[in-house]
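For reference, final_35.txt is printed below; it contains compact mmCIF, C-alpha atoms.
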# COMPACT_ATOMS: atom_id res chain seq x y z
CA MET O 1 47.96 142.73 197.05
CA THR O 2 45.35 142.65 194.29
CA THR O 3 42.99 145.59 193.83
CA ARG O 4 39.74 145.67 191.84
CA TYR O 5 39.29 148.53 189.37
CA VAL O 6 36.86 149.83 186.83
CA ALA O 7 38.50 151.53 183.88
CA TRP O 8 36.04 153.96 182.29
CA LEU O 9 37.04 154.47 178.65
CA HIS O 10 36.22 157.92 177.27
CA ALA O 11 34.30 158.29 174.01
CA VAL O 12 34.48 154.76 172.64
CA ASN O 13 31.97 152.90 170.48
CA LEU O 14 30.07 156.07 169.59
CA GLY O 15 28.65 155.40 166.15
CA SER O 16 31.47 154.39 163.84
CA HIS O 17 34.19 156.15 165.84
CA ASN O 18 36.72 154.75 168.32
CA LYS O 19 35.60 151.13 168.08
CA VAL O 20 36.87 149.01 170.95
CA PRO O 21 34.98 145.69 170.85
CA THR O 22 34.39 144.27 174.30
CA ALA O 23 35.62 140.78 173.39
CA TRP O 24 38.89 142.25 172.12
CA LEU O 25 39.17 144.47 175.22
CA ARG O 26 38.73 141.54 177.61
CA GLU O 27 41.31 139.44 175.77
CA ALA O 28 43.81 142.31 175.52
CA ALA O 29 43.41 143.11 179.23
CA GLN O 30 44.10 139.47 180.15
CA GLU O 31 47.15 139.37 177.88
CA ALA O 32 48.36 142.58 179.57
CA GLY O 33 48.37 140.78 182.93
CA PHE O 34 45.05 141.85 184.41
CA THR O 35 42.93 139.17 186.09
CA ASP O 36 39.21 138.74 186.85
CA VAL O 37 38.52 140.67 183.63
CA SER O 38 34.98 141.54 182.60
CA THR O 39 33.16 144.23 180.66
CA TYR O 40 29.74 145.80 180.89
CA LEU O 41 27.89 146.85 177.75
CA GLN O 42 29.67 148.25 174.68
CA SER O 43 30.33 151.66 176.22
CA GLY O 44 33.83 151.24 177.61
CA ASN O 45 33.38 149.75 181.07
CA LEU O 46 36.28 147.43 181.87
CA VAL O 47 36.53 145.70 185.25
CA VAL O 48 39.88 144.17 186.23
CA SER O 49 42.03 143.09 189.12
CA ALA O 50 45.62 144.32 189.20
CA ASP O 51 48.65 143.77 191.40
CA THR O 52 49.03 147.48 192.03
CA GLY O 53 47.45 150.03 194.30
CA ASP O 54 48.07 152.79 191.77
CA ALA O 55 44.93 153.68 189.78
CA ALA O 56 46.92 155.95 187.44
CA GLU O 57 49.13 153.00 186.52
CA VAL O 58 46.03 150.96 185.62
CA SER O 59 44.67 153.85 183.52
CA ASN O 60 47.98 154.17 181.70
CA ARG O 61 48.25 150.43 181.08
CA VAL O 62 44.71 150.21 179.68
CA ALA O 63 45.24 153.30 177.48
CA ALA O 64 48.51 151.81 176.21
CA LEU O 65 46.98 148.46 175.32
CA ILE O 66 44.23 150.24 173.34
CA LYS O 67 46.82 152.43 171.60
CA THR O 68 48.96 149.43 170.72
CA GLY O 69 46.15 147.07 169.77
CA ARG O 70 43.62 149.41 168.16
CA GLY O 71 45.66 152.50 167.28
CA LEU O 72 43.38 154.73 169.36
CA ASP O 73 44.28 157.44 171.84
CA VAL O 74 41.60 156.83 174.46
CA ALA O 75 41.53 158.60 177.80
CA VAL O 76 40.89 156.22 180.70
CA THR O 77 39.61 157.15 184.15
CA THR O 78 39.99 154.48 186.81
CA ARG O 79 38.30 153.92 190.15
CA THR O 80 38.71 151.18 192.74
CA SER O 81 35.71 149.26 194.03
CA ALA O 82 35.98 151.21 197.32
CA GLU O 83 36.00 154.51 195.43
CA LEU O 84 32.96 153.49 193.40
CA ARG O 85 31.09 152.49 196.56
CA HIS O 86 31.97 155.95 197.89
CA VAL O 87 30.53 157.56 194.73
CA VAL O 88 27.28 155.66 195.23
CA SER O 89 27.07 156.51 198.93
CA ARG O 90 27.66 160.23 198.28
CA ASN O 91 24.95 160.58 195.63
CA PRO O 92 23.54 164.07 196.33
CA MET O 93 20.30 163.25 194.49
CA PRO O 94 19.11 159.91 195.92
CA GLU O 95 15.51 160.78 195.16
CA HIS O 96 16.26 160.28 191.45
CA VAL O 97 17.78 156.78 191.49
CA VAL O 98 14.44 155.26 190.45
CA GLU O 99 14.90 156.95 187.06
CA SER O 100 18.40 155.60 186.61
CA SER O 101 18.74 156.52 182.93
CA LYS O 102 18.29 160.21 183.81
CA LEU O 103 20.80 160.30 186.68
CA LEU O 104 24.42 160.25 185.54
CA VAL O 105 27.83 160.43 187.14
CA SER O 106 30.74 161.89 185.22
CA PHE O 107 34.01 160.38 186.41
CA LEU O 108 36.54 163.21 186.20
CA THR O 109 40.26 162.84 185.60
CA GLY O 110 40.96 165.01 188.63
CA VAL O 111 39.42 167.39 191.14
CA PRO O 112 38.45 170.69 189.49
CA ALA O 113 39.96 173.88 190.89
CA LYS O 114 37.79 175.47 193.58
CA ALA O 115 37.61 178.69 191.53
CA LYS O 116 36.23 176.77 188.53
CA VAL O 117 33.51 175.16 190.66
CA ALA O 118 32.70 178.45 192.40
CA ALA O 119 32.19 180.13 189.01
CA LEU O 120 29.36 177.73 188.13
CA ASP O 121 25.72 178.77 188.55
CA PRO O 122 23.79 175.76 189.89
CA ASP O 123 20.46 177.27 188.77
CA GLU O 124 21.60 177.86 185.17
CA PHE O 125 19.91 174.73 183.82
CA ALA O 126 16.92 174.35 186.17
CA PRO O 127 15.02 172.07 186.47
CA GLU O 128 18.10 170.08 185.46
CA ARG O 129 20.64 169.81 188.26
CA TYR O 130 24.28 169.04 188.72
CA VAL O 131 26.56 168.73 191.71
CA VAL O 132 30.35 168.66 191.66
CA ASP O 133 31.70 166.45 194.44
CA GLY O 134 35.46 166.01 194.36
CA SER O 135 36.38 164.23 191.14
CA HIS O 136 32.75 163.42 190.28
CA LEU O 137 29.99 165.37 188.60
CA TYR O 138 26.46 164.15 189.31
CA LEU O 139 23.92 165.15 186.65
CA TRP O 140 20.11 164.98 186.74
CA HIS O 141 18.30 165.15 183.39
CA PRO O 142 14.55 165.12 184.28
CA ASN O 143 13.47 165.19 180.62
CA GLY O 144 16.07 162.66 179.48
CA VAL O 145 19.65 163.03 178.32
CA GLY O 146 18.68 163.47 174.66
CA ARG O 147 16.81 166.72 175.35
CA SER O 148 19.07 167.95 178.10
CA LYS O 149 20.85 171.29 178.11
CA LEU O 150 23.32 169.81 180.61
CA SER O 151 24.45 167.23 178.07
CA THR O 152 25.65 169.98 175.72
CA VAL O 153 27.70 171.86 178.32
CA PRO O 154 31.47 171.87 177.62
CA TRP O 155 32.22 170.50 181.09
CA GLU O 156 35.89 169.95 180.31
CA LYS O 157 36.30 173.64 179.58
CA ARG O 158 34.19 174.75 182.55
CA LEU O 159 35.85 172.42 185.06
CA GLY O 160 39.34 172.20 183.58
CA VAL O 161 39.34 168.40 183.75
CA ARG O 162 38.06 165.66 181.45
CA GLY O 163 35.29 163.31 182.37
CA THR O 164 33.23 160.42 181.10
CA ALA O 165 29.63 159.92 182.19
CA ARG O 166 27.68 156.77 183.00
CA ASN O 167 24.05 156.47 184.01
CA TRP O 168 23.13 155.27 187.48
CA ARG O 169 22.11 151.79 186.28
CA THR O 170 25.55 151.31 184.72
CA VAL O 171 27.31 152.59 187.84
CA LEU O 172 25.45 150.06 190.01
CA ALA O 173 25.95 147.21 187.53
CA VAL O 174 29.69 147.89 187.38
CA LEU O 175 29.86 148.02 191.17
CA ASP O 176 28.22 144.57 191.24
CA LEU O 177 30.88 143.30 188.81
CA LEU O 178 33.64 144.75 190.97
CA ASP O 179 32.21 143.12 194.09
CA ALA O 180 31.53 139.76 192.38
CA ALA O 181 35.19 138.79 192.06
CA SER O 182 36.25 140.31 195.37
CA GLY O 183 33.59 138.52 197.42
Translate the structure of the given file into C-alpha cells.
Amino acid sequence: MTTRYVAWLHAVNLGSHNKVPTAWLREAAQEAGFTDVSTYLQSGNLVVSADTGDAAEVSNRVAALIKTGRGLDVAVTTRTSAELRHVVSRNPMPEHVVESSKLLVSFLTGVPAKAKVAALDPDEFAPERYVVDGSHLYLWHPNGVGRSKLSTVPWEKRLGVRGTARNWRTVLAVLDLLDAASG
C-alpha cells in the first residue's frame, strides 16, 4: 500500500547555510525509490509517496539521502496526508487563517512531556499566542514573525523536542500537493 507523506526538512536554505536545492531534492527522492515526488518553495517541503506505512522510515530515508548527496545532517519530520488534514482541522486559532503568514504550525519530532507543557505560561507573550496540541505547536504572531517574541523562544529546550515551523499558507499548499496525487 502506498502512503502520501510530507517530509518537513529542518533549517535548510536559510541564507548560505544548509543548501538543499529543490530540483536536486526531487531527483534524489525519485532515485531513492519515492514516487509522486514534488516540492513546495525552497524551504524544505518534500511531498512523496512511499510503499511503507512507517513515517519514521520515510524521515530516516530522506535524512540519509541528504546526508549522502549533500553532506548535511538535516532533521526531517514527516506527516501523512491524513495527519496533515488532522492538523488543519484542529487549528485552535481559526480566526487567524486570513492572515496566513502570521499563523504558523511547528511540526514537532514527538509529543512533549506533559510536565514541559504544563510549565509554560500561555500569557507570557500576549498578544502573541501559542497552543501545544500533541506533536504540533500552533503560533500566532499578530505583528508578524520578524518582530515576534515567540519566534525567539528556544522551543526545543522548553518542550524537549525539535520542531520546524511553516506558515498556514504553506501548510494548506502542501496539503493540496498531498491530495493531488492521491485523488
Exercise: Ala82 of chain O partners within 12 Å, all atoms listed in the file, chain neighbours under 5 positions left out, as a tab-separated table (two decimals) with C-alpha atoms, keeping the file's coordinate frame:
chain	number	residue	atom	x	y	z
O	3	THR	CA	42.99	145.59	193.83
O	4	ARG	CA	39.74	145.67	191.84
O	5	TYR	CA	39.29	148.53	189.37
O	6	VAL	CA	36.86	149.83	186.83
O	53	GLY	CA	47.45	150.03	194.30
O	55	ALA	CA	44.93	153.68	189.78
O	87	VAL	CA	30.53	157.56	194.73
O	88	VAL	CA	27.28	155.66	195.23
O	89	SER	CA	27.07	156.51	198.93
O	175	LEU	CA	29.86	148.02	191.17
O	176	ASP	CA	28.22	144.57	191.24
O	178	LEU	CA	33.64	144.75	190.97
O	179	ASP	CA	32.21	143.12	194.09
O	182	SER	CA	36.25	140.31	195.37
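Going from atom CA of Leu150 of chain O over to atom CA of Glu124 of chain O, you cover 9.4 Å.
Using only C-alpha atoms for every distance, the candidate list O:Thr109, O:Ser148, O:Ser100, O:Ser43 yields O:Thr109 as the residue closest to Val161 of chain O.
Straight-line separation from atom CA of Gly69 of chain O to atom CA of Met1 of chain O: 27.7 Å.
For the atom pair formed by atom CA of Asp123 of chain O and atom CA of Glu83 of chain O, the distance is 28.4 Å, given to one decimal.
You can rank O:Thr77, O:Thr170, O:Asn143, O:Thr39 by their closest distance to Arg61 of chain O using all atoms listed in the file, and at the top of that list sits O:Thr77.
With distances restricted to only C-alpha atoms, O:Ala28 is the closest residue to Leu65 of chain O from O:Leu139, O:Val171, O:Ala28, O:Ala165.
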O:Val117, O:Tyr138, O:Phe125, O:Ala180 ranked by distance to Leu159 of chain O, top pick (using all atoms listed in the file): O:Val117
Extending 4 Å beyond the listed atoms of segment 85-103 of chain O on each side, what axis-aligned box results? I want centre and edge lengths in Å to one decimal, as lines of an AutoDock Vina configuration file.
center_x = 23.2
center_y = 158.3
center_z = 190.9
size_x = 25.5
size_y = 19.6
size_z = 24.0
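Nearest residue to Arg166 of chain O, choosing from O:Arg147, O:Lys114, O:His136, O:His17 and counting all atoms listed in the file: O:His136.
Distance check against Gly44 of chain O using only C-alpha atoms: of O:Val145, O:Ala75, O:Leu25, O:Leu9, the minimum falls on O:Leu9.
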Export N, CA and C atoms of segment 26-69 of chain O from the structure just given, as an mmCIF file, in the first residue's frame?
data_model
loop_
_atom_site.group_PDB
_atom_site.id
_atom_site.type_symbol
_atom_site.label_atom_id
_atom_site.label_comp_id
_atom_site.auth_asym_id
_atom_site.auth_seq_id
_atom_site.Cartn_x
_atom_site.Cartn_y
_atom_site.Cartn_z
ATOM 1 N N ARG O 26 14.159 16.699 -5.438
ATOM 2 C CA ARG O 26 13.173 15.893 -6.180
ATOM 3 C C ARG O 26 13.848 14.716 -6.879
ATOM 4 N N GLU O 27 14.949 14.990 -7.557
ATOM 5 C CA GLU O 27 15.655 13.929 -8.282
ATOM 6 C C GLU O 27 16.187 12.865 -7.323
ATOM 7 N N ALA O 28 16.790 13.301 -6.216
ATOM 8 C CA ALA O 28 17.339 12.351 -5.242
ATOM 9 C C ALA O 28 16.227 11.499 -4.626
ATOM 10 N N ALA O 29 15.082 12.107 -4.351
ATOM 11 C CA ALA O 29 13.961 11.362 -3.771
ATOM 12 C C ALA O 29 13.458 10.303 -4.752
ATOM 13 N N GLN O 30 13.392 10.644 -6.031
ATOM 14 C CA GLN O 30 12.958 9.667 -7.035
ATOM 15 C C GLN O 30 13.968 8.537 -7.160
ATOM 16 N N GLU O 31 15.251 8.880 -7.156
ATOM 17 C CA GLU O 31 16.290 7.845 -7.231
ATOM 18 C C GLU O 31 16.277 6.944 -6.000
ATOM 19 N N ALA O 32 15.809 7.479 -4.857
ATOM 20 C CA ALA O 32 15.739 6.696 -3.623
ATOM 21 C C ALA O 32 14.485 5.813 -3.571
ATOM 22 N N GLY O 33 13.663 5.866 -4.628
ATOM 23 C CA GLY O 33 12.510 4.980 -4.701
ATOM 24 C C GLY O 33 11.177 5.599 -4.339
ATOM 25 N N PHE O 34 11.166 6.880 -4.011
ATOM 26 C CA PHE O 34 9.891 7.550 -3.749
ATOM 27 C C PHE O 34 9.206 7.849 -5.075
ATOM 28 N N THR O 35 7.886 7.927 -5.066
ATOM 29 C CA THR O 35 7.125 8.243 -6.268
ATOM 30 C C THR O 35 6.266 9.479 -6.018
ATOM 31 N N ASP O 36 5.632 9.980 -7.076
ATOM 32 C CA ASP O 36 4.778 11.177 -6.980
ATOM 33 C C ASP O 36 5.496 12.293 -6.217
ATOM 34 N N VAL O 37 6.739 12.542 -6.567
ATOM 35 C CA VAL O 37 7.597 13.475 -5.834
ATOM 36 C C VAL O 37 7.333 14.907 -6.287
ATOM 37 N N SER O 38 7.189 15.799 -5.326
ATOM 38 C CA SER O 38 7.102 17.226 -5.617
ATOM 39 C C SER O 38 7.643 18.003 -4.430
ATOM 40 N N THR O 39 7.922 19.259 -4.666
ATOM 41 C CA THR O 39 8.399 20.150 -3.605
ATOM 42 C C THR O 39 7.560 21.415 -3.627
ATOM 43 N N TYR O 40 7.604 22.135 -2.527
ATOM 44 C CA TYR O 40 6.915 23.419 -2.445
ATOM 45 C C TYR O 40 7.876 24.442 -1.878
ATOM 46 N N LEU O 41 8.125 25.473 -2.638
ATOM 47 C CA LEU O 41 9.055 26.543 -2.277
ATOM 48 C C LEU O 41 10.465 25.993 -2.045
ATOM 49 N N GLN O 42 11.346 26.851 -1.573
ATOM 50 C CA GLN O 42 12.743 26.473 -1.321
ATOM 51 C C GLN O 42 12.989 26.224 0.166
ATOM 52 N N SER O 43 11.948 25.978 0.933
ATOM 53 C CA SER O 43 12.108 25.915 2.385
ATOM 54 C C SER O 43 12.028 24.513 2.963
ATOM 55 N N GLY O 44 12.261 23.498 2.144
ATOM 56 C CA GLY O 44 12.333 22.147 2.673
ATOM 57 C C GLY O 44 11.008 21.460 2.849
ATOM 58 N N ASN O 45 10.155 21.516 1.838
ATOM 59 C CA ASN O 45 8.856 20.864 1.867
ATOM 60 C C ASN O 45 8.819 19.837 0.744
ATOM 61 N N LEU O 46 9.032 18.580 1.097
ATOM 62 C CA LEU O 46 9.095 17.496 0.117
ATOM 63 C C LEU O 46 7.863 16.615 0.259
ATOM 64 N N VAL O 47 7.154 16.417 -0.842
ATOM 65 C CA VAL O 47 5.961 15.569 -0.853
ATOM 66 C C VAL O 47 6.284 14.329 -1.675
ATOM 67 N N VAL O 48 6.013 13.155 -1.081
ATOM 68 C CA VAL O 48 6.334 11.886 -1.743
ATOM 69 C C VAL O 48 5.269 10.838 -1.450
ATOM 70 N N SER O 49 5.285 9.801 -2.264
ATOM 71 C CA SER O 49 4.548 8.576 -1.958
ATOM 72 C C SER O 49 5.591 7.512 -1.663
ATOM 73 N N ALA O 50 5.264 6.638 -0.705
ATOM 74 C CA ALA O 50 6.194 5.578 -0.316
ATOM 75 C C ALA O 50 5.417 4.302 -0.042
ATOM 76 N N ASP O 51 6.075 3.182 -0.293
ATOM 77 C CA ASP O 51 5.467 1.870 -0.049
ATOM 78 C C ASP O 51 5.714 1.426 1.387
ATOM 79 N N THR O 52 5.437 2.306 2.316
ATOM 80 C CA THR O 52 5.563 1.991 3.736
ATOM 81 C C THR O 52 4.534 2.811 4.509
ATOM 82 N N GLY O 53 4.089 2.264 5.595
ATOM 83 C CA GLY O 53 3.190 2.982 6.480
ATOM 84 C C GLY O 53 3.926 3.555 7.672
ATOM 85 N N ASP O 54 5.246 3.556 7.602
ATOM 86 C CA ASP O 54 6.082 3.986 8.722
ATOM 87 C C ASP O 54 6.699 5.354 8.427
ATOM 88 N N ALA O 55 6.139 6.397 9.043
ATOM 89 C CA ALA O 55 6.616 7.767 8.821
ATOM 90 C C ALA O 55 8.070 7.934 9.250
ATOM 91 N N ALA O 56 8.470 7.272 10.325
ATOM 92 C CA ALA O 56 9.858 7.377 10.791
ATOM 93 C C ALA O 56 10.817 6.829 9.741
ATOM 94 N N GLU O 57 10.415 5.765 9.056
ATOM 95 C CA GLU O 57 11.252 5.204 7.995
ATOM 96 C C GLU O 57 11.427 6.228 6.866
ATOM 97 N N VAL O 58 10.354 6.917 6.512
ATOM 98 C CA VAL O 58 10.436 7.941 5.468
ATOM 99 C C VAL O 58 11.361 9.065 5.918
ATOM 100 N N SER O 59 11.216 9.522 7.149
ATOM 101 C CA SER O 59 12.098 10.573 7.684
ATOM 102 C C SER O 59 13.554 10.148 7.603
ATOM 103 N N ASN O 60 13.824 8.919 8.028
ATOM 104 C CA ASN O 60 15.202 8.412 8.023
ATOM 105 C C ASN O 60 15.753 8.292 6.605
ATOM 106 N N ARG O 61 14.929 7.834 5.686
ATOM 107 C CA ARG O 61 15.383 7.700 4.294
ATOM 108 C C ARG O 61 15.690 9.058 3.669
ATOM 109 N N VAL O 62 14.835 10.049 3.931
ATOM 110 C CA VAL O 62 15.060 11.386 3.381
ATOM 111 C C VAL O 62 16.310 12.003 4.010
ATOM 112 N N ALA O 63 16.459 11.871 5.331
ATOM 113 C CA ALA O 63 17.660 12.399 6.002
ATOM 114 C C ALA O 63 18.919 11.742 5.454
ATOM 115 N N ALA O 64 18.853 10.430 5.200
ATOM 116 C CA ALA O 64 20.015 9.707 4.692
ATOM 117 C C ALA O 64 20.378 10.143 3.274
ATOM 118 N N LEU O 65 19.384 10.375 2.436
ATOM 119 C CA LEU O 65 19.705 10.786 1.075
ATOM 120 C C LEU O 65 20.324 12.181 1.061
ATOM 121 N N ILE O 66 19.915 13.057 1.980
ATOM 122 C CA ILE O 66 20.515 14.394 2.075
ATOM 123 C C ILE O 66 21.930 14.298 2.634
ATOM 124 N N LYS O 67 22.135 13.422 3.593
ATOM 125 C CA LYS O 67 23.472 13.211 4.156
ATOM 126 C C LYS O 67 24.416 12.679 3.091
ATOM 127 N N THR O 68 23.960 11.683 2.349
ATOM 128 C CA THR O 68 24.792 11.074 1.317
ATOM 129 C C THR O 68 25.039 12.034 0.153
ATOM 130 N N GLY O 69 23.999 12.690 -0.304
ATOM 131 C CA GLY O 69 24.105 13.513 -1.500
ATOM 132 C C GLY O 69 24.607 14.921 -1.302
#
